[in-house]
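*Asks:* What follows is protein_0.txt, compact mmCIF, C-alpha atoms.
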# COMPACT_ATOMS: atom_id res chain seq x y z
CA MET K 1 -26.74 -42.29 34.94
CA THR K 2 -29.10 -45.10 33.89
CA CYS K 3 -29.77 -46.25 30.32
CA GLY K 4 -33.16 -44.52 30.47
CA GLU K 5 -31.60 -41.24 31.56
CA PHE K 6 -28.98 -41.59 28.85
CA HIS K 7 -31.65 -42.15 26.15
CA ALA K 8 -33.62 -39.13 27.39
CA ARG K 9 -30.51 -36.95 26.97
CA LEU K 10 -29.06 -38.62 23.89
CA ASP K 11 -29.74 -35.83 21.37
CA ALA K 12 -28.62 -33.03 23.67
CA TYR K 13 -25.53 -35.09 24.61
CA VAL K 14 -24.49 -35.70 21.01
CA ASP K 15 -25.33 -32.09 20.07
CA GLY K 16 -23.07 -30.81 22.86
CA GLU K 17 -25.98 -29.05 24.52
CA LEU K 18 -25.82 -30.77 27.93
CA PRO K 19 -24.38 -29.00 30.98
CA VAL K 20 -20.81 -30.05 31.78
CA ALA K 21 -21.76 -32.27 34.74
CA GLU K 22 -24.37 -34.17 32.71
CA THR K 23 -21.99 -34.55 29.80
CA ALA K 24 -19.43 -36.09 32.14
CA ALA K 25 -22.09 -38.44 33.54
CA ALA K 26 -23.15 -39.44 30.00
CA ASP K 27 -19.50 -40.01 29.02
CA ALA K 28 -19.09 -42.26 32.05
CA HIS K 29 -22.27 -44.18 31.25
CA GLY K 30 -21.19 -44.65 27.62
CA ALA K 31 -17.86 -46.04 28.77
CA ASP K 32 -19.67 -48.71 30.80
CA CYS K 33 -22.58 -49.48 28.47
CA PRO K 34 -21.70 -50.64 24.94
CA ARG K 35 -25.33 -50.45 23.83
CA CYS K 36 -25.72 -46.79 24.78
CA ALA K 37 -22.27 -46.03 23.36
CA ALA K 38 -23.43 -47.59 20.05
CA LEU K 39 -26.55 -45.39 20.11
CA ALA K 40 -24.42 -42.28 20.57
CA ARG K 41 -22.10 -43.38 17.74
CA ARG K 42 -25.08 -43.90 15.48
CA GLU K 43 -26.41 -40.42 16.25
CA ARG K 44 -23.00 -38.86 15.60
CA GLU K 45 -22.81 -40.72 12.30
CA LEU K 46 -26.10 -39.17 11.14
CA ARG K 47 -24.97 -35.68 12.11
CA ARG K 48 -21.64 -36.19 10.35
CA LEU K 49 -23.46 -37.29 7.21
CA LEU K 50 -25.64 -34.17 7.25
CA ARG K 51 -22.77 -31.85 8.04
CA HIS K 52 -20.80 -33.15 5.08
CA GLN K 53 -23.47 -32.44 2.52
CA PRO K 54 -22.28 -30.21 -0.32
CA ARG K 55 -22.57 -26.60 0.81
CA GLU K 56 -24.03 -24.41 -1.89
CA THR K 57 -23.07 -20.79 -2.14
CA ALA K 58 -25.36 -17.96 -3.20
CA PRO K 59 -25.19 -17.40 -6.98
CA PRO K 60 -23.23 -14.27 -7.97
CA GLU K 61 -26.36 -12.78 -9.60
CA LEU K 62 -28.24 -13.05 -6.29
CA ARG K 63 -25.34 -11.42 -4.44
CA ALA K 64 -25.36 -8.60 -6.99
CA ARG K 65 -29.13 -8.16 -6.67
CA VAL K 66 -28.90 -7.97 -2.88
CA VAL K 67 -26.06 -5.43 -2.96
CA ARG K 68 -27.95 -3.33 -5.52
CA ASP K 69 -31.15 -3.39 -3.42
CA LEU K 70 -29.34 -2.42 -0.24
CA ARG K 71 -27.41 0.35 -1.93
CA ARG K 72 -30.66 1.81 -3.29
CA ALA K 73 -32.40 1.48 0.08
CA ALA K 74 -29.44 3.14 1.80
CA LEU K 75 -29.45 6.01 -0.66
CA ARG K 76 -33.18 6.50 -0.19
CA ALA K 77 -32.67 6.63 3.58
CA ARG K 78 -30.00 9.29 3.09
CA VAL K 79 -31.94 11.33 0.57
CA ARG K 80 -35.19 11.39 2.51
CA PRO K 81 -34.18 11.37 6.17
CA TRP K 82 -37.49 12.97 7.21
CA LEU K 83 -39.18 9.71 6.37
CA VAL K 84 -37.42 7.93 9.17
CA ALA K 85 -36.81 8.62 12.82
CA PRO K 86 -33.31 9.81 13.73
CA ALA K 87 -32.61 6.49 15.49
CA LEU K 88 -33.50 4.63 12.34
CA THR K 89 -31.24 6.86 10.28
CA ALA K 90 -28.36 6.02 12.61
CA ALA K 91 -29.20 2.31 12.49
CA ALA K 92 -29.48 2.34 8.73
CA ALA K 93 -26.10 4.01 8.53
CA ALA K 94 -24.70 1.33 10.81
CA LEU K 95 -26.08 -1.47 8.66
CA VAL K 96 -24.77 0.18 5.56
CA GLY K 97 -21.44 0.29 7.32
CA VAL K 98 -21.63 -3.47 7.68
CA LEU K 99 -23.09 -4.35 4.34
CA LEU K 100 -21.48 -1.98 1.94
CA LEU K 101 -18.40 -0.78 3.68
CA PRO K 102 -16.23 -0.54 0.59
CA THR K 103 -18.79 0.88 -1.84
CA LEU K 104 -20.65 3.73 -0.20
CA ARG K 105 -19.60 7.28 0.41
CA ARG K 106 -17.36 7.55 3.42
CA PRO K 107 -18.49 9.40 6.54
CA ALA K 108 -17.35 13.01 6.82
CA THR K 109 -15.01 12.45 9.74
CA LEU K 110 -12.62 9.75 10.73
CA VAL K 111 -14.25 9.50 14.15
CA GLY K 112 -17.64 8.77 12.56
CA ASP K 113 -15.93 6.22 10.36
CA PHE K 114 -14.26 4.57 13.37
CA VAL K 115 -17.58 4.19 15.18
CA ASP K 116 -19.35 2.78 12.11
CA LYS K 117 -16.57 0.28 11.65
CA HIS K 118 -16.55 -0.62 15.35
CA ILE K 119 -20.30 -1.38 15.12
CA ALA K 120 -19.90 -3.15 11.80
CA TYR K 121 -17.05 -5.41 12.84
CA ALA K 122 -18.80 -6.32 16.09
CA GLN K 123 -21.57 -7.84 13.96
CA LEU K 124 -19.22 -10.08 12.04
CA GLU K 125 -18.80 -13.67 13.05
CA ARG K 126 -15.03 -13.14 12.90
CA PRO K 127 -14.37 -9.46 13.60
CA ALA K 128 -10.62 -10.07 13.46
CA GLU K 129 -9.06 -11.31 10.22
CA LEU K 130 -6.06 -12.46 12.19
CA VAL K 131 -7.06 -13.96 15.51
CA SER K 132 -4.02 -13.73 17.74
CA ASP K 133 -2.93 -12.38 21.09
CA ASP K 134 0.69 -12.36 19.96
CA ARG K 135 1.66 -8.72 19.44
CA ALA K 136 4.78 -9.58 17.43
CA GLU K 137 2.76 -11.81 15.10
CA ILE K 138 0.23 -9.03 14.49
CA GLU K 139 2.95 -6.46 13.86
CA ALA K 140 4.60 -8.80 11.33
CA TRP K 141 1.20 -9.44 9.70
CA PHE K 142 0.58 -5.72 9.13
CA ARG K 143 4.10 -5.29 7.75
CA GLU K 144 3.65 -8.13 5.28
CA ARG K 145 0.04 -7.46 4.30
CA ALA K 146 0.12 -3.69 3.92
CA ARG K 147 3.62 -2.48 4.74
CA LEU K 148 2.16 -0.82 7.83
CA ARG K 149 4.55 -0.38 10.71
CA VAL K 150 2.43 -0.69 13.81
CA ALA K 151 3.36 -1.14 17.44
CA VAL K 152 0.60 -3.15 19.07
CA PRO K 153 -0.07 -1.82 22.57
CA ASP K 154 -0.17 -4.20 25.50
CA TYR K 155 -3.14 -3.57 27.79
CA SER K 156 -3.01 -6.88 29.63
CA SER K 157 -2.12 -5.19 32.93
CA ALA K 158 -5.51 -3.39 32.73
CA GLY K 159 -7.29 -6.71 32.13
CA ILE K 160 -7.81 -5.87 28.46
CA ARG K 161 -7.11 -8.84 26.21
CA LEU K 162 -5.82 -8.63 22.64
CA VAL K 163 -8.18 -10.55 20.33
CA GLY K 164 -6.73 -9.91 16.89
CA ALA K 165 -6.37 -7.56 13.97
CA ARG K 166 -7.76 -6.67 10.60
CA LEU K 167 -6.88 -4.39 7.72
CA ALA K 168 -9.42 -1.62 7.55
CA GLU K 169 -9.90 1.17 5.10
CA ALA K 170 -10.28 4.74 6.31
CA HIS K 171 -10.25 7.76 4.04
CA GLU K 172 -9.03 5.65 1.16
CA ARG K 173 -6.01 4.52 3.13
CA GLN K 174 -5.25 1.13 4.50
CA ALA K 175 -5.53 1.38 8.24
CA ALA K 176 -4.59 -0.91 11.06
CA TYR K 177 -7.43 -2.15 13.21
CA LEU K 178 -6.80 -3.87 16.53
CA LEU K 179 -9.50 -5.56 18.52
CA TYR K 180 -9.33 -5.98 22.28
CA GLU K 181 -11.85 -7.05 24.85
CA LYS K 182 -12.34 -6.49 28.53
CA GLY K 183 -14.79 -9.12 29.68
CA ARG K 184 -17.55 -8.79 27.08
CA THR K 185 -16.79 -5.15 26.25
CA LEU K 186 -14.99 -4.60 22.96
CA LEU K 187 -12.30 -2.03 22.40
CA SER K 188 -11.36 -1.07 18.84
CA VAL K 189 -8.08 0.67 18.14
CA PHE K 190 -7.70 2.31 14.72
CA MET K 191 -4.46 3.62 13.33
CA VAL K 192 -4.62 5.52 10.05
CA PRO K 193 -1.43 6.73 8.41
CA VAL K 194 -2.63 10.25 7.48
CA ALA K 195 -1.08 13.50 8.59
CA ALA K 196 -4.11 15.80 8.43
CA THR K 197 -5.67 16.34 11.81
CA ASP K 198 -8.75 18.25 10.59
CA MET K 199 -10.37 14.94 9.59
CA VAL K 200 -10.61 13.84 13.20
CA GLY K 201 -13.68 16.05 13.58
CA ALA K 202 -15.19 17.86 16.53
CA GLY K 203 -14.98 16.81 20.15
CA THR K 204 -14.03 17.87 23.64
CA ARG K 205 -10.34 18.63 24.07
CA VAL K 206 -8.83 16.77 26.99
CA SER K 207 -5.30 16.92 28.29
CA TYR K 208 -4.01 13.71 29.82
CA ARG K 209 -0.44 13.19 31.06
CA GLY K 210 0.80 16.06 28.97
CA HIS K 211 -0.87 15.08 25.70
CA GLU K 212 -3.93 16.45 23.96
CA TYR K 213 -6.83 14.19 23.00
CA LEU K 214 -10.28 14.66 21.53
CA THR K 215 -13.12 12.84 23.25
CA ARG K 216 -16.53 12.41 21.75
CA GLU K 217 -19.56 10.20 22.17
CA VAL K 218 -21.07 8.85 18.95
CA LYS K 219 -24.08 6.49 18.81
CA GLY K 220 -23.53 5.55 22.44
CA TYR K 221 -19.83 4.73 22.02
CA ARG K 222 -16.98 6.71 23.54
CA VAL K 223 -14.20 7.74 21.22
CA VAL K 224 -10.77 9.04 22.12
CA SER K 225 -8.70 10.24 19.18
CA TRP K 226 -5.44 12.00 18.57
CA SER K 227 -2.84 12.60 15.93
CA ASP K 228 0.92 12.50 16.22
CA GLY K 229 1.44 14.31 12.91
CA ARG K 230 2.07 11.11 10.97
CA ALA K 231 -1.01 9.11 11.83
CA VAL K 232 -4.46 9.49 13.32
CA PHE K 233 -5.43 7.17 16.15
CA GLY K 234 -8.89 6.35 17.43
CA LEU K 235 -10.11 4.23 20.31
CA VAL K 236 -13.79 3.22 20.31
CA SER K 237 -15.51 1.37 23.12
CA MET K 238 -18.19 1.39 25.80
CA LEU K 239 -15.35 1.54 28.33
CA ASP K 240 -15.25 4.78 30.36
CA TYR K 241 -13.09 7.74 29.33
CA ASP K 242 -10.55 7.14 32.13
CA ALA K 243 -9.86 3.64 30.84
CA LEU K 244 -9.73 4.84 27.23
CA LEU K 245 -7.34 7.70 28.03
CA GLU K 246 -5.11 5.27 29.89
CA CYS K 247 -5.12 3.03 26.80
CA ALA K 248 -4.43 6.03 24.57
CA ASP K 249 -1.49 7.03 26.71
CA ALA K 250 -0.06 3.50 26.59
CA ALA K 251 -0.50 3.39 22.81
CA ARG K 252 1.10 6.78 22.42
CA ALA K 253 4.12 5.82 24.47
CA SER K 254 5.50 3.46 21.86
CA GLN K 255 3.47 4.10 18.76
CA VAL K 256 4.82 4.48 15.26
CA VAL K 257 2.51 4.05 12.31
CA SER K 258 3.68 4.71 8.83
CA GLN K 259 3.29 3.37 5.38
CA MET V 1 -23.63 -8.67 7.98
CA ALA V 2 -26.32 -10.13 5.73
CA LEU V 3 -23.69 -10.57 3.01
CA ALA V 4 -21.48 -12.50 5.40
CA HIS V 5 -24.46 -14.77 6.03
CA LEU V 6 -25.77 -14.76 2.47
CA ASP V 7 -24.60 -18.27 1.60
CA ALA V 8 -26.18 -19.74 4.73
CA LEU V 9 -29.40 -17.82 4.07
CA TYR V 10 -29.48 -19.08 0.48
CA ARG V 11 -28.78 -22.71 1.45
CA THR V 12 -31.53 -22.60 4.06
CA ALA V 13 -33.96 -20.94 1.66
CA LEU V 14 -33.26 -23.73 -0.84
CA ARG V 15 -34.05 -26.35 1.79
CA LEU V 16 -37.24 -24.57 2.80
CA THR V 17 -38.57 -23.86 -0.68
CA ARG V 18 -36.98 -26.75 -2.62
CA ASN V 19 -36.92 -24.35 -5.55
CA ARG V 20 -33.98 -22.19 -6.69
CA THR V 21 -35.93 -19.25 -8.09
CA GLU V 22 -38.13 -19.07 -5.04
CA ALA V 23 -35.11 -19.40 -2.76
CA GLU V 24 -33.37 -16.47 -4.46
CA ASP V 25 -36.51 -14.35 -4.21
CA ILE V 26 -36.98 -14.92 -0.50
CA VAL V 27 -33.30 -14.27 0.27
CA GLN V 28 -33.49 -11.00 -1.66
CA GLU V 29 -36.62 -9.94 0.17
CA ALA V 30 -35.23 -11.03 3.55
CA CYS V 31 -32.05 -8.97 3.09
CA LEU V 32 -34.08 -5.89 2.24
CA ARG V 33 -36.30 -6.45 5.26
CA ALA V 34 -33.24 -6.88 7.44
CA PHE V 35 -32.03 -3.52 6.21
CA ARG V 36 -35.37 -1.83 6.87
CA GLY V 37 -35.72 -3.46 10.27
CA PHE V 38 -32.13 -2.97 11.34
CA HIS V 39 -33.17 -0.35 13.90
CA ARG V 40 -35.05 -3.13 15.72
CA PHE V 41 -31.96 -5.30 15.86
CA ASP V 42 -30.28 -5.25 19.24
CA PRO V 43 -26.51 -5.26 18.58
CA GLY V 44 -25.98 -7.33 21.73
CA THR V 45 -27.99 -10.22 20.29
CA ASN V 46 -27.34 -12.87 17.71
CA ALA V 47 -27.21 -11.48 14.16
CA ARG V 48 -27.36 -14.90 12.51
CA ALA V 49 -30.52 -15.98 14.37
CA TRP V 50 -32.10 -12.60 13.62
CA LEU V 51 -31.44 -12.97 9.89
CA PHE V 52 -32.72 -16.56 9.81
CA THR V 53 -35.87 -15.41 11.62
CA ILE V 54 -36.51 -12.78 8.95
CA LEU V 55 -35.85 -15.32 6.19
CA ARG V 56 -38.31 -17.77 7.72
CA ASN V 57 -40.99 -15.10 8.15
CA VAL V 58 -40.64 -14.05 4.52
CA PHE V 59 -40.95 -17.68 3.45
CA LEU V 60 -44.01 -18.38 5.64
CA ASN V 61 -45.72 -15.15 4.56
CA ARG V 62 -45.23 -16.15 0.97
CA LEU V 63 -46.76 -19.58 1.61
CA ARG V 64 -49.75 -18.01 3.32
CA ARG V 65 -50.18 -15.40 0.62
CA GLU V 66 -50.27 -18.09 -2.01
CA GLY V 67 -52.73 -20.11 0.03
CA ARG V 68 -50.30 -22.97 0.44
CA GLU V 69 -50.40 -25.04 3.60
CA VAL V 70 -47.80 -23.81 6.06
CA PHE V 71 -47.61 -26.56 8.64
CA GLN V 72 -49.40 -29.82 9.11
CA GLY V 73 -51.56 -30.03 12.24
CA ASP V 74 -49.82 -30.92 15.47
CA ALA V 75 -51.52 -34.30 15.61
CA MET V 76 -50.08 -35.25 12.24
CA LEU V 77 -46.66 -34.11 13.36
CA GLU V 78 -46.88 -36.26 16.47
CA GLU V 79 -47.86 -39.24 14.39
CA ALA V 80 -45.18 -38.66 11.81
CA GLY V 81 -42.47 -38.53 14.44
CA ASP V 82 -43.76 -41.41 16.49
CA SER V 83 -43.98 -43.86 13.62
CA ALA V 84 -40.22 -43.66 13.39
CA THR V 85 -39.60 -43.84 17.11
CA LEU V 86 -39.63 -47.60 17.49
CA GLU V 87 -37.12 -48.17 14.75
CA ALA V 88 -34.73 -45.64 16.19
CA ALA V 89 -34.99 -46.81 19.77
CA SER V 90 -32.52 -49.63 19.49
CA ALA V 91 -29.04 -49.70 18.04
CA SER V 92 -29.15 -52.05 15.07
CA PRO V 93 -27.16 -53.03 11.99
CA GLU V 94 -28.45 -49.76 10.52
CA GLU V 95 -25.57 -48.17 12.33
CA GLU V 96 -23.52 -49.13 9.29
CA PHE V 97 -25.97 -48.31 6.51
CA LEU V 98 -25.28 -44.59 6.70
CA GLN V 99 -21.89 -45.30 5.09
CA THR V 100 -23.75 -46.40 1.96
CA VAL V 101 -25.91 -43.30 1.67
CA VAL V 102 -25.25 -41.16 -1.39
CA HIS V 103 -25.80 -37.38 -1.47
CA GLY V 104 -28.94 -37.61 -3.53
CA ASP V 105 -30.46 -39.81 -0.81
CA VAL V 106 -29.96 -37.14 1.85
CA ASP V 107 -31.57 -34.53 -0.40
CA ARG V 108 -34.53 -36.81 -1.04
CA ALA V 109 -34.90 -37.66 2.63
CA LEU V 110 -34.65 -34.01 3.70
CA ASN V 111 -37.11 -32.89 1.04
CA ALA V 112 -39.58 -35.52 2.22
CA LEU V 113 -39.54 -34.24 5.82
CA PRO V 114 -42.58 -32.20 6.89
CA LEU V 115 -41.61 -28.53 7.07
CA ALA V 116 -41.78 -28.28 10.88
CA PHE V 117 -39.13 -31.03 11.14
CA ARG V 118 -37.15 -30.03 8.07
CA GLU V 119 -36.52 -26.49 9.23
CA VAL V 120 -35.12 -27.51 12.62
CA VAL V 121 -32.96 -30.29 11.16
CA VAL V 122 -31.57 -27.92 8.51
CA LEU V 123 -30.83 -25.20 11.06
CA ALA V 124 -29.21 -27.60 13.53
CA ASP V 125 -27.44 -30.17 11.40
CA LEU V 126 -26.65 -28.31 8.21
CA GLU V 127 -26.15 -24.77 9.48
CA GLY V 128 -24.95 -25.55 13.00
CA LEU V 129 -27.35 -23.37 15.02
CA SER V 130 -27.70 -24.09 18.73
CA TYR V 131 -31.02 -25.16 20.28
CA ARG V 132 -31.43 -21.66 21.69
CA GLU V 133 -30.82 -20.01 18.32
CA ILE V 134 -33.30 -22.34 16.64
CA ALA V 135 -35.91 -21.61 19.32
CA GLU V 136 -35.44 -17.91 18.56
CA VAL V 137 -35.75 -18.44 14.80
CA VAL V 138 -38.85 -20.65 14.86
CA GLY V 139 -40.42 -18.90 17.85
CA CYS V 140 -40.91 -22.08 19.89
CA PRO V 141 -39.86 -23.12 23.39
CA LEU V 142 -36.57 -25.00 23.68
CA GLY V 143 -38.41 -28.24 24.52
CA THR V 144 -40.42 -28.09 21.31
CA VAL V 145 -37.27 -27.56 19.29
CA MET V 146 -35.61 -30.56 20.92
CA SER V 147 -38.62 -32.75 20.36
CA ARG V 148 -39.01 -31.73 16.70
CA LEU V 149 -35.33 -32.17 16.09
CA SER V 150 -35.36 -35.62 17.59
CA ARG V 151 -38.41 -36.69 15.59
CA GLY V 152 -37.12 -35.09 12.42
CA ARG V 153 -33.87 -37.01 12.68
CA ARG V 154 -35.75 -40.24 13.30
CA LEU V 155 -37.86 -39.68 10.21
CA LEU V 156 -34.75 -38.89 8.25
CA ARG V 157 -33.08 -42.07 9.43
CA THR V 158 -36.14 -44.10 8.49
CA SER V 159 -36.15 -42.59 4.98
CA LEU V 160 -32.43 -43.21 4.58
CA ALA V 161 -32.88 -46.81 5.68
CA GLY V 162 -35.61 -47.13 3.04
CA PHE V 163 -33.22 -45.87 0.37
CA ALA V 164 -30.52 -48.24 1.60
CA ARG V 165 -33.03 -51.08 1.14
CA GLU V 166 -33.81 -49.80 -2.37
CA HIS V 167 -30.11 -49.85 -3.18
CA GLY V 168 -29.85 -53.36 -1.76
CA TYR V 169 -27.50 -52.31 1.06
CA LEU V 170 -29.97 -53.17 3.79
CA ARG V 171 -32.23 -56.15 4.18
CA GLY V 172 -35.35 -56.46 6.25
CA PRO V 173 -38.82 -55.02 6.20
CA ALA V 174 -39.28 -51.60 4.71
Here is the file; what I need is its structure written in the form of structure tokens.
*Replies:*
Amino acid sequence: MTCGEFHARLDAYVDGELPVAETAAADAHGADCPRCAALARRERELRRLLRHQPRETAPPELRARVVRDLRRAALRARVRPWLVAPALTAAAAALVGVLLLPTLRRPATLVGDFVDKHIAYAQLERPAELVSDDRAEIEAWFRERARLRVAVPDYSSAGIRLVGARLAEAHERQAAYLLYEKGRTLLSVFMVPVAATDMVGAGTRVSYRGHEYLTREVKGYRVVSWSDGRAVFGLVSMLDYDALLECADAARASQVVSQ
Amino acid sequence: MALAHLDALYRTALRLTRNRTEAEDIVQEACLRAFRGFHRFDPGTNARAWLFTILRNVFLNRLRREGREVFQGDAMLEEAGDSATLEAASASPEEEFLQTVVHGDVDRALNALPLAFREVVVLADLEGLSYREIAEVVGCPLGTVMSRLSRGRRLLRTSLAGFAREHGYLRGPA
């Protein structure tokens, strides 16, 4: 790389926006050319200065105003559903799930709740509170945070990677939420320590390896749910039912959730 | 989602409007619009860029509604960026002057940037958006974003050097 080529790419280089090969070439040029290296240092210095400016946070009154507005808008969308297309109603419900998860009326069924949360968490910058692929660490985290005894299933043999965990709330209970991904497809696993099975809701009954499951498609996501009498489990993903049932079976094999 | 991004939206609104009351108003309106337009949001795309885009549109609409000038003409932008090009082209003792800059200087320098430069510098250097995200937010090709960013930073550096001279940290022609 020449000095001219380096200058032409300086901003993108310092911003980390160059392709790997060009970054390597710029690194090599900088190592040989003190003048260009000084230019890059100077650019980094400016960015560092800007990055370290005091970061203001939204005033509490603004936060309260926004929450109030959204709650009102959400209620209007619920009260007058004929004003909006069905798709919009579903989308509004999804956004409400994201924005006002703790404050609005809960969905009628756990399955609906699982799907709303799956959509909501996928929108967050950090869907997992605890980012870890260490099952023992996650199990200990649930025990300490919420006295939830959870066995975290291992799906690595199916190419499904554990991303992390979060404490969720479902039907006024603290629930365990596990996030996995296969490639770019997310898989949410919910475990709610409630005995009642009628909250799971409607669905198609499926028998898989001797166990009964409910399958249901909600807002384009496939859900497999079941209860073992002590807890309700739900898997939500775009993965196909075969993969989800396999995951359900693996979870069921070792699962104990209690509070 | 919007609440998770509320602080970033507010900070950016402050930089765009340079006025707290106005910033709060546009954030409030943008969040409501995000809610109403959520059905148009594709869950596979970038939520942060989408929210910043709405915020910017609310801000620009407000400027237009009030008859305020939105952007300077392209020719003026070219000129503004180019006047700072020469100074930035060579590494100089100014490499060190940034150490002497105080926070108020950065605010002054950012506030003095023409809007077209200020918005890209704020999104990139204060909020950490990628070139692609910024292109989505401001509705410009990637090349335009890169060029505005580069010129905006040069202008910023020139302003900061001017302040360093004022403070007596830097000698030489202003």
*Asks:* When distances are computed from only C-alpha atoms, which of K:Leu62, K:Ile160, K:Ala253, K:Ala175 shows the smallest separation from chain V?
*Replies:*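 When distances to chain V are compared using only C-alpha atoms, the smallest one comes from K:Leu62.
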*Asks:* Distance atom CA of Arg149 of chain K-atom CA of Ala231 of chain K, one decimal place?
*Replies:*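 According to the coordinates, atom CA of Arg149 of chain K and atom CA of Ala231 of chain K are separated by 11.1 Å.
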*Asks:* Quick one: pull the distance between atom CA of Ala23 of chain V and atom CA of Ala120 of chain K, Å, one decimal.
*Replies:*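 Calculated distance between atom CA of Ala23 of chain V and atom CA of Ala120 of chain K is 26.6 Å.
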*Asks:* Which of these residues is nearest to Gln53 of chain K, using only C-alpha atoms: V:Asp107, V:Arg62, V:Ile54, V:Ala47?
*Replies:*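 Ranked by minimum distance to Gln53 of chain K, first place goes to V:Asp107.
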*Asks:* For the atom pair atom CA of Ala248 of chain K and atom CA of Arg166 of chain K, what is the interatomic distance in Å to one decimal place?
*Replies:*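 For atom CA of Ala248 of chain K relative to atom CA of Arg166 of chain K, the distance reads 19.2 Å.
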*Asks:* Find the residues near Val131 of chain K: any atom within 7 Å, counting only C-alpha atoms, skip ones fewer than 3 places away on the same chain, and give them as a compact mmCIF listing (two decimals) with C-alpha atoms, in the frame of the given file.
*Replies:*
# COMPACT_ATOMS: atom_id res chain seq x y z
CA ALA K 128 -10.62 -10.07 13.46
CA VAL K 163 -8.18 -10.55 20.33
CA GLY K 164 -6.73 -9.91 16.89
CA ALA K 165 -6.37 -7.56 13.97
*Asks:* Would you mind telling me which residue in V:Ala30, V:Ala164, V:Leu6, V:Val120 lies nearest to chain K when using only C-alpha atoms?
*Replies:* V:Leu6
*Asks:* Out of K:Ala140, K:Leu245, K:Val236, K:Ala122, which residue has the shortest atom-to-atom distance to Asn46 of chain V when counting only C-alpha atoms?
*Replies:*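 With only C-alpha atoms as the atom set, the closest residue is K:Ala122.
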*Asks:* Counting only C-alpha atoms, figure out which residue out of K:Arg42, K:His7, K:Arg147, K:Arg126 gets nearest to chain V.
*Replies:*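 Among K:Arg42, K:His7, K:Arg147, K:Arg126, it is K:Arg42 that comes nearest to chain V.
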*Asks:* Can you tell me, as a list of chain:residue names, what residues are no more than 9 Å from Val138 of chain V when counting only C-alpha atoms, ignoring any on the same chain fewer than 6 positions away?
*Replies:*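 With the cut-off at 9 Å, the set is V:Phe52, V:Thr53, V:Arg56, V:Asn57, V:Glu119, V:Val120, V:Val145.
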*Asks:* Name all residues at most 10 Å from His118 of chain K (count all atoms listed in the file; drop same-chain ones fewer than 2 positions away) and give them as a ChimeraX atom specification.
*Replies:* /K:94,97-98,112-116,120-123,127,177,179,186-190,221,235-237
*Asks:* Identify, on the basis of all atoms listed in the file, every residue whose closest approach to Ala26 of chain K does not exceed 9 Å; exclude the query and any residue fewer than 6 positions from it along the same chain; express the result as an NGL selection string.
*Replies:* :K and (1 or 5-6 or 9-10 or 13)
*Asks:* With a distance cut-off of 12 Å and all atoms listed in the file, select the neighbouring residues of Leu129 of chain V, excluding the residue or stretch itself and same-chain residues fewer than 2 positions from it, and output the selection as a PyMOL selection string.
*Replies:* (chain K and resi 15-17+51) or (chain V and resi 8+12+46-50+52+119-127+131-138+145+149)
*Asks:* Between K:Arg68, K:Arg252, K:Lys117, K:Arg173, which residue has the minimum interatomic distance to Ala195 of chain K, considering only C-alpha atoms?
*Replies:*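 Counting only C-alpha atoms, the residue closest to Ala195 of chain K is K:Arg173.
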*Asks:* Return as AutoDock Vina command-line options the box centre and box size in Å, one decimal, for an axis-aligned box around all listed atoms of segment 6-19 of chain V padded by 8 Å per side.
*Replies:*
--center_x -31.6 --center_y -20.8 --center_z -0.4 --size_x 30.0 --size_y 28.0 --size_z 26.3
